[in-house]
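Colleague: File my_file-v8.cif follows (mmCIF, C-alpha atoms and all ligand atoms):
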data_my_file
#
loop_
_atom_site.label_atom_id
_atom_site.label_comp_id
_atom_site.auth_asym_id
_atom_site.auth_seq_id
_atom_site.Cartn_x
_atom_site.Cartn_y
_atom_site.Cartn_z
CA MET A 1 -250.99 -52.61 49.29
CA THR A 2 -248.95 -49.45 48.72
CA ALA A 3 -245.50 -50.09 47.29
CA ARG A 4 -242.52 -49.20 49.44
CA HIS A 5 -239.81 -47.03 47.85
CA PHE A 6 -236.17 -46.12 48.44
CA LEU A 7 -236.03 -42.50 47.35
CA ARG A 8 -234.00 -41.04 50.22
CA ASP A 9 -231.46 -42.46 52.63
CA ASP A 10 -233.83 -41.83 55.51
CA ASP A 11 -236.54 -43.97 53.92
CA LEU A 12 -234.76 -46.69 55.92
CA SER A 13 -234.97 -46.47 59.70
CA PRO A 14 -231.73 -47.12 61.61
CA GLN A 15 -232.91 -50.70 62.30
CA GLU A 16 -233.85 -51.26 58.66
CA GLN A 17 -230.59 -49.82 57.39
CA ALA A 18 -228.60 -52.14 59.67
CA ALA A 19 -230.70 -55.11 58.54
CA VAL A 20 -230.22 -54.17 54.87
CA LEU A 21 -226.45 -54.06 55.41
CA ASP A 22 -226.58 -57.46 57.15
CA LEU A 23 -228.52 -58.88 54.21
CA ALA A 24 -226.07 -57.32 51.75
CA LEU A 25 -223.18 -59.03 53.53
CA ARG A 26 -225.05 -62.32 53.38
CA LEU A 27 -225.74 -61.87 49.68
CA LYS A 28 -222.10 -61.01 49.09
CA ALA A 29 -221.14 -64.38 50.60
CA GLU A 30 -224.04 -66.25 48.96
CA PRO A 31 -225.01 -64.39 45.76
CA PHE A 32 -227.90 -66.70 44.89
CA ALA A 33 -229.37 -67.07 48.39
CA LEU A 34 -232.51 -65.09 47.44
CA ALA A 35 -234.61 -65.45 44.31
CA SER A 36 -236.84 -62.43 44.98
CA LEU A 37 -237.29 -61.81 41.23
CA ALA A 38 -237.75 -65.43 40.15
CA GLY A 39 -239.87 -65.73 37.06
CA PRO A 40 -237.90 -63.88 35.80
CA GLN A 41 -239.63 -60.68 36.87
CA VAL A 42 -238.55 -57.48 35.15
CA VAL A 43 -236.88 -54.48 36.81
CA ALA A 44 -236.84 -51.29 34.74
CA LEU A 45 -233.48 -49.49 34.90
CA VAL A 46 -234.05 -45.97 33.63
CA PHE A 47 -231.23 -43.50 33.00
CA ASP A 48 -231.50 -39.78 32.27
CA LYS A 49 -227.80 -39.26 33.04
CA PRO A 50 -224.59 -41.18 32.23
CA THR A 51 -223.89 -44.41 34.11
CA LEU A 52 -221.41 -47.24 34.41
CA ARG A 53 -221.45 -48.65 37.96
CA THR A 54 -225.15 -48.13 38.49
CA GLN A 55 -226.26 -49.82 35.28
CA ALA A 56 -223.77 -52.68 35.65
CA SER A 57 -224.41 -53.32 39.34
CA PHE A 58 -228.20 -53.17 39.06
CA ALA A 59 -228.25 -55.35 35.94
CA ALA A 60 -225.98 -57.93 37.58
CA GLY A 61 -227.87 -57.76 40.86
CA VAL A 62 -231.30 -58.15 39.25
CA ALA A 63 -230.01 -61.16 37.33
CA GLU A 64 -228.59 -62.70 40.52
CA LEU A 65 -232.00 -62.29 42.19
CA GLY A 66 -233.51 -64.31 39.33
CA GLY A 67 -234.95 -61.34 37.46
CA PHE A 68 -234.46 -59.59 34.13
CA PRO A 69 -233.05 -56.04 33.89
CA MET A 70 -234.86 -53.92 31.28
CA THR A 71 -232.73 -50.87 30.52
CA VAL A 72 -234.66 -47.80 29.39
CA ASP A 73 -232.80 -44.88 27.82
CA GLY A 74 -234.36 -41.79 29.35
CA ALA A 75 -233.40 -39.66 26.35
CA LEU A 76 -235.28 -42.00 24.00
CA ALA A 77 -238.28 -42.17 26.29
CA GLY A 78 -238.26 -38.39 26.83
CA ILE A 79 -239.53 -38.61 30.39
CA GLY A 80 -241.19 -35.37 31.41
CA VAL A 81 -240.77 -34.03 27.86
CA ARG A 82 -242.39 -36.41 25.41
CA GLU A 83 -244.56 -37.90 28.13
CA SER A 84 -245.25 -36.79 31.70
CA VAL A 85 -243.49 -38.46 34.61
CA ALA A 86 -246.86 -39.68 35.89
CA ASP A 87 -247.80 -41.33 32.58
CA THR A 88 -244.33 -42.86 32.25
CA ALA A 89 -244.69 -44.26 35.78
CA ARG A 90 -248.09 -45.81 34.97
CA VAL A 91 -246.70 -47.46 31.84
CA LEU A 92 -243.44 -48.75 33.38
CA GLY A 93 -245.27 -49.91 36.49
CA ARG A 94 -247.40 -52.26 34.34
CA GLN A 95 -244.29 -53.84 32.80
CA SER A 96 -242.05 -54.26 35.79
CA ALA A 97 -241.83 -55.40 39.40
CA ALA A 98 -239.73 -52.36 40.34
CA ILE A 99 -238.34 -49.21 38.76
CA VAL A 100 -234.81 -47.90 39.30
CA TRP A 101 -234.36 -44.34 38.04
CA ARG A 102 -231.39 -41.98 37.67
CA THR A 103 -232.60 -38.49 36.95
CA PHE A 104 -232.23 -34.81 37.81
CA ALA A 105 -234.85 -33.58 40.29
CA GLN A 106 -235.75 -35.51 43.43
CA SER A 107 -239.31 -34.18 42.94
CA SER A 108 -239.55 -36.09 39.62
CA LEU A 109 -238.54 -39.28 41.40
CA GLU A 110 -241.22 -38.66 44.00
CA GLU A 111 -243.77 -38.24 41.21
CA MET A 112 -242.64 -41.52 39.64
CA ALA A 113 -243.13 -43.25 42.99
CA ALA A 114 -246.59 -41.73 43.43
CA TYR A 115 -247.88 -43.20 40.16
CA ALA A 116 -245.83 -46.36 39.51
CA GLY A 117 -247.68 -48.80 41.77
CA VAL A 118 -244.40 -50.73 42.21
CA PRO A 119 -241.29 -49.96 44.30
CA VAL A 120 -239.14 -47.12 42.95
CA VAL A 121 -235.44 -46.86 43.78
CA ASN A 122 -233.31 -43.71 43.57
CA ALA A 123 -230.32 -44.46 41.33
CA LEU A 124 -229.04 -40.85 41.81
CA THR A 125 -230.73 -37.48 41.64
CA ASP A 126 -229.23 -34.00 41.87
CA GLU A 127 -230.05 -34.07 45.58
CA LEU A 128 -229.28 -37.63 46.76
CA HIS A 129 -227.48 -40.86 45.88
CA PRO A 130 -228.68 -43.28 48.58
CA CYS A 131 -227.56 -46.55 46.93
CA GLN A 132 -223.99 -45.27 46.81
CA ALA A 133 -224.13 -44.18 50.45
CA LEU A 134 -225.27 -47.68 51.46
CA ALA A 135 -222.39 -49.19 49.49
CA ASP A 136 -220.03 -46.80 51.29
CA LEU A 137 -221.37 -47.88 54.68
CA LEU A 138 -221.03 -51.55 53.78
CA THR A 139 -217.42 -50.94 52.71
CA VAL A 140 -216.61 -49.16 55.98
CA ARG A 141 -218.23 -51.96 57.97
CA GLU A 142 -216.22 -54.61 56.12
CA HIS A 143 -212.90 -52.79 56.50
CA ARG A 144 -213.28 -51.05 59.86
CA GLY A 145 -216.05 -52.87 61.74
CA PRO A 146 -219.25 -51.56 63.36
CA LEU A 147 -220.36 -48.17 62.09
CA PRO A 148 -221.65 -46.40 65.22
CA GLY A 149 -219.15 -43.92 66.56
CA GLN A 150 -216.89 -43.86 63.49
CA THR A 151 -216.08 -40.47 61.98
CA LEU A 152 -216.62 -40.00 58.25
CA THR A 153 -215.49 -36.82 56.51
CA PHE A 154 -216.64 -35.78 53.05
CA LEU A 155 -214.48 -33.20 51.26
CA GLY A 156 -215.52 -31.32 48.12
CA ASP A 157 -218.91 -30.28 46.85
CA ALA A 158 -220.78 -30.46 50.14
CA ALA A 159 -223.99 -29.38 48.39
CA SER A 160 -223.86 -32.49 46.17
CA ASN A 161 -225.93 -35.65 46.15
CA MET A 162 -223.07 -37.63 47.75
CA ALA A 163 -222.54 -35.17 50.59
CA HIS A 164 -226.27 -35.11 51.34
CA SER A 165 -226.63 -38.87 51.19
CA LEU A 166 -223.62 -39.45 53.42
CA LEU A 167 -225.03 -36.96 55.93
CA LEU A 168 -228.36 -38.79 56.09
CA ALA A 169 -227.09 -42.35 55.80
CA GLY A 170 -224.13 -41.82 58.12
CA ALA A 171 -226.33 -40.19 60.76
CA THR A 172 -228.77 -43.10 60.42
CA ALA A 173 -225.88 -45.48 61.09
CA GLY A 174 -224.85 -43.56 64.23
CA MET A 175 -221.67 -42.20 62.66
CA HIS A 176 -220.13 -38.77 63.13
CA VAL A 177 -220.41 -37.18 59.71
CA ARG A 178 -218.50 -34.04 58.76
CA VAL A 179 -218.89 -32.45 55.36
CA SER A 180 -216.67 -29.65 54.12
CA GLY A 181 -216.87 -27.54 50.97
CA PRO A 182 -216.03 -24.01 49.88
CA GLU A 183 -218.49 -21.18 50.33
CA GLY A 184 -221.38 -21.66 47.92
CA TYR A 185 -220.90 -25.44 48.04
CA ARG A 186 -222.15 -26.22 51.51
CA PRO A 187 -225.03 -28.55 52.28
CA ASP A 188 -228.67 -27.72 51.83
CA PRO A 189 -229.70 -26.51 55.32
CA ALA A 190 -232.78 -28.78 55.27
CA MET A 191 -230.62 -31.86 54.57
CA LEU A 192 -228.16 -30.93 57.30
CA ALA A 193 -231.00 -30.28 59.75
CA ARG A 194 -232.56 -33.66 58.94
CA ALA A 195 -229.20 -35.39 59.45
CA VAL A 196 -228.77 -33.64 62.82
CA GLU A 197 -232.28 -34.75 63.78
CA ILE A 198 -231.55 -38.38 62.85
CA ALA A 199 -228.18 -38.28 64.61
CA GLY A 200 -229.99 -37.19 67.76
CA THR A 201 -231.73 -40.58 67.79
CA THR A 202 -228.72 -42.75 66.90
CA GLY A 203 -225.90 -41.25 68.96
CA GLY A 204 -224.17 -39.93 65.84
CA SER A 205 -223.62 -36.35 64.72
CA ALA A 206 -223.74 -34.30 61.53
CA ILE A 207 -221.88 -31.08 60.90
CA SER A 208 -220.66 -28.81 58.10
CA VAL A 209 -217.07 -27.69 58.75
CA ASP A 210 -215.70 -24.78 56.72
CA ASP A 211 -212.00 -25.65 57.06
CA PRO A 212 -211.12 -28.87 55.18
CA ALA A 213 -208.06 -29.63 57.34
CA GLU A 214 -210.18 -29.35 60.47
CA ALA A 215 -212.83 -31.58 58.91
CA ALA A 216 -210.26 -34.25 58.05
CA ALA A 217 -208.55 -34.24 61.47
CA GLY A 218 -208.70 -37.71 63.04
CA ALA A 219 -211.34 -38.99 60.61
CA ASP A 220 -211.73 -42.77 60.27
CA VAL A 221 -213.00 -42.44 56.72
CA LEU A 222 -212.17 -39.76 54.14
CA VAL A 223 -214.52 -39.46 51.18
CA THR A 224 -214.48 -37.28 48.13
CA ASP A 225 -216.27 -37.06 44.80
CA THR A 226 -215.96 -35.14 41.55
CA TRP A 227 -216.12 -31.37 41.93
CA ILE A 228 -218.37 -31.28 38.88
CA SER A 229 -221.42 -33.48 39.19
CA MET A 230 -223.37 -34.59 36.13
CA GLY A 231 -225.40 -31.67 34.83
CA ARG A 232 -222.96 -29.06 36.26
CA GLU A 233 -220.42 -29.23 33.44
CA ALA A 234 -220.94 -25.56 32.49
CA GLU A 235 -219.58 -24.57 35.93
CA ALA A 236 -216.37 -26.62 35.57
CA GLU A 237 -213.99 -23.66 35.30
CA ALA A 238 -215.49 -21.66 38.14
CA ARG A 239 -215.49 -24.70 40.38
CA ALA A 240 -211.89 -25.67 39.64
CA GLU A 241 -210.85 -22.23 40.93
CA VAL A 242 -212.34 -22.63 44.41
CA PHE A 243 -212.01 -26.32 45.25
CA GLY A 244 -208.20 -26.72 45.38
CA ALA A 245 -207.92 -26.65 49.19
CA TRP A 246 -210.42 -29.53 49.41
CA ARG A 247 -208.30 -31.93 47.31
CA LEU A 248 -207.78 -35.32 48.95
CA ASP A 249 -204.01 -35.62 48.70
CA GLN A 250 -201.42 -37.36 50.87
CA ALA A 251 -201.14 -34.42 53.27
CA MET A 252 -204.91 -34.36 53.76
CA LEU A 253 -204.99 -38.13 54.22
CA GLU A 254 -202.32 -37.86 56.92
CA ARG A 255 -204.61 -35.56 58.89
CA GLY A 256 -207.03 -38.47 59.28
CA ALA A 257 -206.65 -41.47 61.60
CA ASP A 258 -203.53 -43.60 61.06
CA ASP A 259 -205.60 -46.33 59.42
CA ALA A 260 -208.15 -44.04 57.74
CA LEU A 261 -210.01 -45.47 54.75
CA VAL A 262 -210.42 -43.60 51.47
CA LEU A 263 -213.68 -43.80 49.56
CA HIS A 264 -214.71 -42.31 46.22
CA CYS A 265 -217.93 -43.21 44.41
CA LEU A 266 -216.15 -42.86 41.02
CA PRO A 267 -215.63 -41.75 38.32
CA ALA A 268 -212.53 -40.14 39.79
CA TYR A 269 -210.50 -37.33 38.27
CA ARG A 270 -206.93 -37.95 39.40
CA GLY A 271 -205.14 -34.69 40.13
CA LYS A 272 -208.41 -32.81 40.67
CA GLU A 273 -210.48 -33.87 43.71
CA ILE A 274 -208.06 -36.69 44.60
CA THR A 275 -204.44 -37.44 43.77
CA ALA A 276 -203.46 -40.66 42.00
CA GLU A 277 -201.22 -41.42 44.98
CA VAL A 278 -204.24 -41.51 47.31
CA LEU A 279 -206.79 -43.06 44.97
CA ASP A 280 -204.42 -45.84 43.93
CA GLY A 281 -202.74 -46.04 47.33
CA PRO A 282 -203.02 -48.54 50.19
CA ARG A 283 -205.82 -46.79 52.13
CA SER A 284 -208.14 -46.67 49.13
CA VAL A 285 -210.95 -49.25 49.00
CA VAL A 286 -212.75 -47.78 45.99
CA TRP A 287 -212.94 -51.04 44.02
CA ASP A 288 -214.57 -52.86 46.94
CA GLU A 289 -216.86 -49.86 47.26
CA ALA A 290 -217.85 -50.12 43.58
CA GLU A 291 -218.48 -53.85 43.89
CA ASN A 292 -220.58 -53.31 47.00
CA ARG A 293 -223.14 -51.38 44.98
CA ARG A 294 -224.43 -54.72 43.70
CA HIS A 295 -224.74 -56.31 47.13
CA VAL A 296 -226.55 -53.41 48.82
CA GLN A 297 -228.87 -52.84 45.87
CA LYS A 298 -229.85 -56.51 45.85
CA ALA A 299 -230.66 -56.22 49.55
CA VAL A 300 -232.71 -53.05 48.96
CA LEU A 301 -234.67 -54.57 46.07
CA ALA A 302 -235.31 -57.78 47.99
CA ALA A 303 -236.47 -55.81 51.06
CA LEU A 304 -238.79 -53.54 49.05
CA LEU A 305 -240.38 -56.55 47.36
CA ASP A 306 -240.69 -58.50 50.62
CA PRO A 307 -239.85 -56.78 53.94
CA GLY A 308 -239.87 -60.27 55.50
CA VAL A 309 -236.37 -60.92 54.09
CA LEU A 310 -234.88 -58.50 56.64
CA GLY A 311 -233.86 -60.18 59.86
CA GLU A 312 -233.19 -58.53 63.20
CA PRO A 313 -230.06 -56.39 62.73
CA THR A 314 -226.89 -57.72 64.37
N1 LIG B 401 -221.83 -36.38 42.43
C1 LIG B 401 -221.63 -37.20 41.26
C2 LIG B 401 -221.80 -38.64 41.59
C3 LIG B 401 -221.48 -39.58 40.47
C4 LIG B 401 -221.77 -41.02 40.78
C5 LIG B 401 -222.60 -36.78 40.18
O1 LIG B 401 -223.76 -36.51 40.50
O2 LIG B 401 -222.20 -36.71 39.03
#
Rewrite the coordinates I just gave you, this time as structure tokens.
Ligand code: NVA
Modeller:
Amino acid sequence: MTARHFLRDDDLSPQEQAAVLDLALRLKAEPFALASLAGPQVVALVFDKPTLRTQASFAAGVAELGGFPMTVDGALAGIGVRESVADTARVLGRQSAAIVWRTFAQSSLEEMAAYAGVPVVNALTDELHPCQALADLLTVREHRGPLPGQTLTFLGDAASNMAHSLLLAGATAGMHVRVSGPEGYRPDPAMLARAVEIAGTTGGSAISVDDPAEAAAGADVLVTDTWISMGREAEAEARAEVFGAWRLDQAMLERGADDALVLHCLPAYRGKEITAEVLDGPRSVVWDEAENRRHVQKAVLAALLDPGVLGEPT
């Protein structure tokens, strides 16, 4: 049987995404309800870029599912340098029940999935960060109720993995997703088009809005992320010059709904993309959001290993 993967947000249909979020909520209440990795079976956690939340939440989640997390340092392994992605996939696939990989190009991840023979999960690429987007949706659902019809605005680098994933995942959930970034930092047209296409089937919408204040107006959820994603450090100075108007500060927050939530995938740079007042303020749910990584990732792993664990979405 061909392994099922989670490489992109839209690898989950709207029904599957809702069922994954239901399962995540159940696992949050009952952390040991599923022993999908009993044995313990091994899950390879492979990192080509820095990590804190992703490594910690996957390692903890794999352990809670009864498995063993095997961390692989991508620099030591030299994936795609010392050994091809395809050969690495064949080797890791023989040692593990699933592979979780944080890397640069989405195309490398697709190659890993083509050769691994076991489920592969996207733990962040330059293009997408679907596990984080699922955690964001779970956090919104917990704090603000059912997702369909809610408006989520992303401010900052709208060409980033987080903006793209929120477009796809939010549209899948039937939300109204607005992303806003300066010229040169607007979403990949193919990602936006795919989000619009999905939204057409879920009653949501997806749009890139040039003016950040307009994008934030009335939003139920305001999201931002670093202006300088991993791998873009050389552009730090140039970026700092153009992103100022997209900062999530108190004035921007007040443009949103009265009870708007604030999300940030972290790490956060206080005073840059978000002020300390907002990040550490009463509307911010970033610590719940970080915790929720574990719950959604457990649900994704369990569902990839056995789709039967997903019930009918509520
Ligand atoms: N856009 C950020 C997300 C970090 C979790 C990055 O790629 O560095």
Colleague: Tell me, in Å to one decimal, how far CA of Gly256 (chain A) is from CA of Ala216 (chain A).
Modeller: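 Going from CA of Gly256 (chain A) over to CA of Ala216 (chain A), I get 5.5 Å.
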Colleague: Please provide as a ChimeraX atom specification all residues within 10 Å of region 296-306 of chain A, with the sequence filter that same-chain residues fewer than 3 positions apart are discarded (counting only C-alpha atoms).
Modeller: /A:3-6,12,16-17,19-28,31,34-37,43,54,57-58,60-65,97-100,118-121,123,130-138,291-293,309-310
Colleague: Which residues are close to Lys272 (chain A), i.e. within 10 Å by all atoms listed in the file, leaving aside same-chain residues fewer than 4 positions away? Reply as a VMD selection string.
Modeller: chain A and resid 225 to 227 240 243 to 244 246 to 249 268 276
Colleague: May I have the residues within 10 Å of ligand LIG 401 (chain B), computed using only C-alpha atoms and all ligand atoms, as a PyMOL selection string?
Modeller: chain A and resi 49-54+102-104+123-129+132+156-163+224-233+264-268
Colleague: Work out how far CA of Thr153 (chain A) is from CA of Tyr269 (chain A), in Å to one decimal.
Modeller: 18.9 Å
Colleague: I need the residue nearest Val177 (chain A) from this list: A:Leu253, A:Glu197, A:Met191, A:Phe154. Use all atoms listed in the file for the distance.
Modeller: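 Closest candidate: A:Phe154.
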Colleague: Figure out the distance between CA of Thr172 (chain A) and CA of Ser205 (chain A), please, to one decimal in Å.
Modeller: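 Taking CA of Ser205 (chain A) as the start and CA of Thr172 (chain A) as the end point, the length is 9.5 Å.
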Colleague: Considering only C-alpha atoms, return as a list in words whatever protein or nucleic-acid residues lie within 7 Å of Ala171 (chain A), sequence-local ones (same chain, fewer than 3 positions apart) excluded.
Modeller: Leu167, Leu168, Gly174, Met175, His176, Val177, Ala195, Ile198, Ala199, Gly204, Ser205 and Ala206 of chain A
Colleague: Based on the selection just made, write C-alpha atoms of those residues as a PDB file, in the frame of the given file.
Modeller:
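For reference, again18.pdb as written:
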ATOM      1  CA  LEU A 167    -225.030 -36.960  55.930  1.00  0.00           C
ATOM      2  CA  LEU A 168    -228.360 -38.790  56.090  1.00  0.00           C
ATOM      3  CA  GLY A 174    -224.850 -43.560  64.230  1.00  0.00           C
ATOM      4  CA  MET A 175    -221.670 -42.200  62.660  1.00  0.00           C
ATOM      5  CA  HIS A 176    -220.130 -38.770  63.130  1.00  0.00           C
ATOM      6  CA  VAL A 177    -220.410 -37.180  59.710  1.00  0.00           C
ATOM      7  CA  ALA A 195    -229.200 -35.390  59.450  1.00  0.00           C
ATOM      8  CA  ILE A 198    -231.550 -38.380  62.850  1.00  0.00           C
ATOM      9  CA  ALA A 199    -228.180 -38.280  64.610  1.00  0.00           C
ATOM     10  CA  GLY A 204    -224.170 -39.930  65.840  1.00  0.00           C
ATOM     11  CA  SER A 205    -223.620 -36.350  64.720  1.00  0.00           C
ATOM     12  CA  ALA A 206    -223.740 -34.300  61.530  1.00  0.00           C
TER      13      ALA A 206
END
Colleague: Using only C-alpha atoms, which residue out of A:Ala116, A:Leu76, A:Leu261, A:Ala213 lies closest to Ala245 (chain A)?
Modeller: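 Checking each candidate against Ala245 (chain A), we get A:Ala213 as the closest.
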Colleague: Box along x, y and z, 8 Å on every side, all listed atoms of region 277-281 of chain A inside: centre and edge lengths in Å to one decimal, as lines of an AutoDock Vina configuration file.
Modeller:
center_x = -204.0
center_y = -43.7
center_z = 45.6
size_x = 21.6
size_y = 20.6
size_z = 19.4
Colleague: Here's a test: counting all atoms listed in the file, identify every protein, DNA and RNA residue with an atom at most 12 Å from (-245.6, -47.2, 33.4) in the file's coordinate frame, and state them as a PyMOL selection string.
Modeller: chain A and resi 43-44+46+72+77+79+83-99+112-118+120
Colleague: Can you work out which one of A:Val262, A:Ala173, A:Arg239, A:His164 has the shortest atom-to-atom distance to Trp287 (chain A), counting all atoms listed in the file?
Modeller: A:Val262
Colleague: Point out the residue among A:Gln41, A:Thr151, A:Gln15, A:Thr201 with the least atom-to-atom distance to Gly218 (chain A), counting only C-alpha atoms.
Modeller: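 For Gly218 (chain A), the nearest of the candidates is A:Thr151.
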Colleague: Could you check the closest approach to Gly80 (chain A) for each of A:Val209, A:Ala257, A:Leu109, A:Val278 and tell me which residue wins, using all atoms listed in the file?
Modeller: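 Ranked by minimum distance to Gly80 (chain A), first place goes to A:Leu109.
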Colleague: Please determine, counting all atoms listed in the file, which residue among A:Gly308, A:Gly66, A:Val196, A:His295 has the shortest atom-to-atom distance to Ala29 (chain A).
Modeller: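 Checking each candidate against Ala29 (chain A), we get A:His295 as the closest.
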Colleague: Return region 298-306 of chain A, completed with all heavy atoms, as an mmCIF file, in the coordinates of the input.
Modeller:
data_model
loop_
_atom_site.group_PDB
_atom_site.id
_atom_site.type_symbol
_atom_site.label_atom_id
_atom_site.label_comp_id
_atom_site.auth_asym_id
_atom_site.auth_seq_id
_atom_site.Cartn_x
_atom_site.Cartn_y
_atom_site.Cartn_z
ATOM 1 N N LYS A 298 -229.084 -55.265 45.792
ATOM 2 C CA LYS A 298 -229.850 -56.510 45.850
ATOM 3 C C LYS A 298 -230.639 -56.569 47.161
ATOM 4 O O LYS A 298 -231.809 -56.948 47.173
ATOM 5 C CB LYS A 298 -228.924 -57.726 45.754
ATOM 6 C CG LYS A 298 -228.401 -57.976 44.363
ATOM 7 C CD LYS A 298 -227.374 -59.082 44.357
ATOM 8 C CE LYS A 298 -227.966 -60.450 44.650
ATOM 9 N NZ LYS A 298 -226.914 -61.502 44.678
ATOM 10 N N ALA A 299 -229.986 -56.185 48.247
ATOM 11 C CA ALA A 299 -230.660 -56.220 49.550
ATOM 12 C C ALA A 299 -231.830 -55.233 49.569
ATOM 13 O O ALA A 299 -232.911 -55.548 50.082
ATOM 14 C CB ALA A 299 -229.654 -55.903 50.658
ATOM 15 N N VAL A 300 -231.634 -54.047 48.987
ATOM 16 C CA VAL A 300 -232.710 -53.050 48.960
ATOM 17 C C VAL A 300 -233.878 -53.565 48.123
ATOM 18 O O VAL A 300 -235.041 -53.522 48.556
ATOM 19 C CB VAL A 300 -232.190 -51.704 48.396
ATOM 20 C CG1 VAL A 300 -233.339 -50.779 48.033
ATOM 21 C CG2 VAL A 300 -231.260 -51.030 49.395
ATOM 22 N N LEU A 301 -233.591 -54.068 46.939
ATOM 23 C CA LEU A 301 -234.670 -54.570 46.070
ATOM 24 C C LEU A 301 -235.421 -55.701 46.767
ATOM 25 O O LEU A 301 -236.661 -55.716 46.787
ATOM 26 C CB LEU A 301 -234.098 -55.070 44.742
ATOM 27 C CG LEU A 301 -233.761 -54.002 43.698
ATOM 28 C CD1 LEU A 301 -233.028 -54.647 42.512
ATOM 29 C CD2 LEU A 301 -235.018 -53.276 43.217
ATOM 30 N N ALA A 302 -234.671 -56.638 47.326
ATOM 31 C CA ALA A 302 -235.310 -57.780 47.990
ATOM 32 C C ALA A 302 -236.189 -57.295 49.142
ATOM 33 O O ALA A 302 -237.324 -57.773 49.318
ATOM 34 C CB ALA A 302 -234.253 -58.754 48.495
ATOM 35 N N ALA A 303 -235.707 -56.318 49.910
ATOM 36 C CA ALA A 303 -236.470 -55.810 51.060
ATOM 37 C C ALA A 303 -237.704 -55.030 50.628
ATOM 38 O O ALA A 303 -238.753 -55.095 51.275
ATOM 39 C CB ALA A 303 -235.574 -54.948 51.939
ATOM 40 N N LEU A 304 -237.612 -54.298 49.523
ATOM 41 C CA LEU A 304 -238.790 -53.540 49.050
ATOM 42 C C LEU A 304 -239.865 -54.500 48.540
ATOM 43 O O LEU A 304 -241.048 -54.265 48.705
ATOM 44 C CB LEU A 304 -238.391 -52.563 47.930
ATOM 45 C CG LEU A 304 -237.486 -51.392 48.328
ATOM 46 C CD1 LEU A 304 -237.151 -50.548 47.116
ATOM 47 C CD2 LEU A 304 -238.140 -50.516 49.400
ATOM 48 N N LEU A 305 -239.412 -55.589 47.905
ATOM 49 C CA LEU A 305 -240.380 -56.550 47.360
ATOM 50 C C LEU A 305 -240.979 -57.418 48.458
ATOM 51 O O LEU A 305 -242.115 -57.848 48.347
ATOM 52 C CB LEU A 305 -239.680 -57.416 46.292
ATOM 53 C CG LEU A 305 -239.268 -56.636 45.032
ATOM 54 C CD1 LEU A 305 -238.258 -57.433 44.207
ATOM 55 C CD2 LEU A 305 -240.490 -56.289 44.184
ATOM 56 N N ASP A 306 -240.204 -57.669 49.517
ATOM 57 C CA ASP A 306 -240.690 -58.500 50.620
ATOM 58 C C ASP A 306 -239.937 -58.124 51.898
ATOM 59 O O ASP A 306 -238.843 -58.637 52.146
ATOM 60 C CB ASP A 306 -240.457 -59.994 50.302
ATOM 61 C CG ASP A 306 -240.814 -60.875 51.497
ATOM 62 O OD1 ASP A 306 -241.448 -60.380 52.453
ATOM 63 O OD2 ASP A 306 -240.443 -62.061 51.466
#
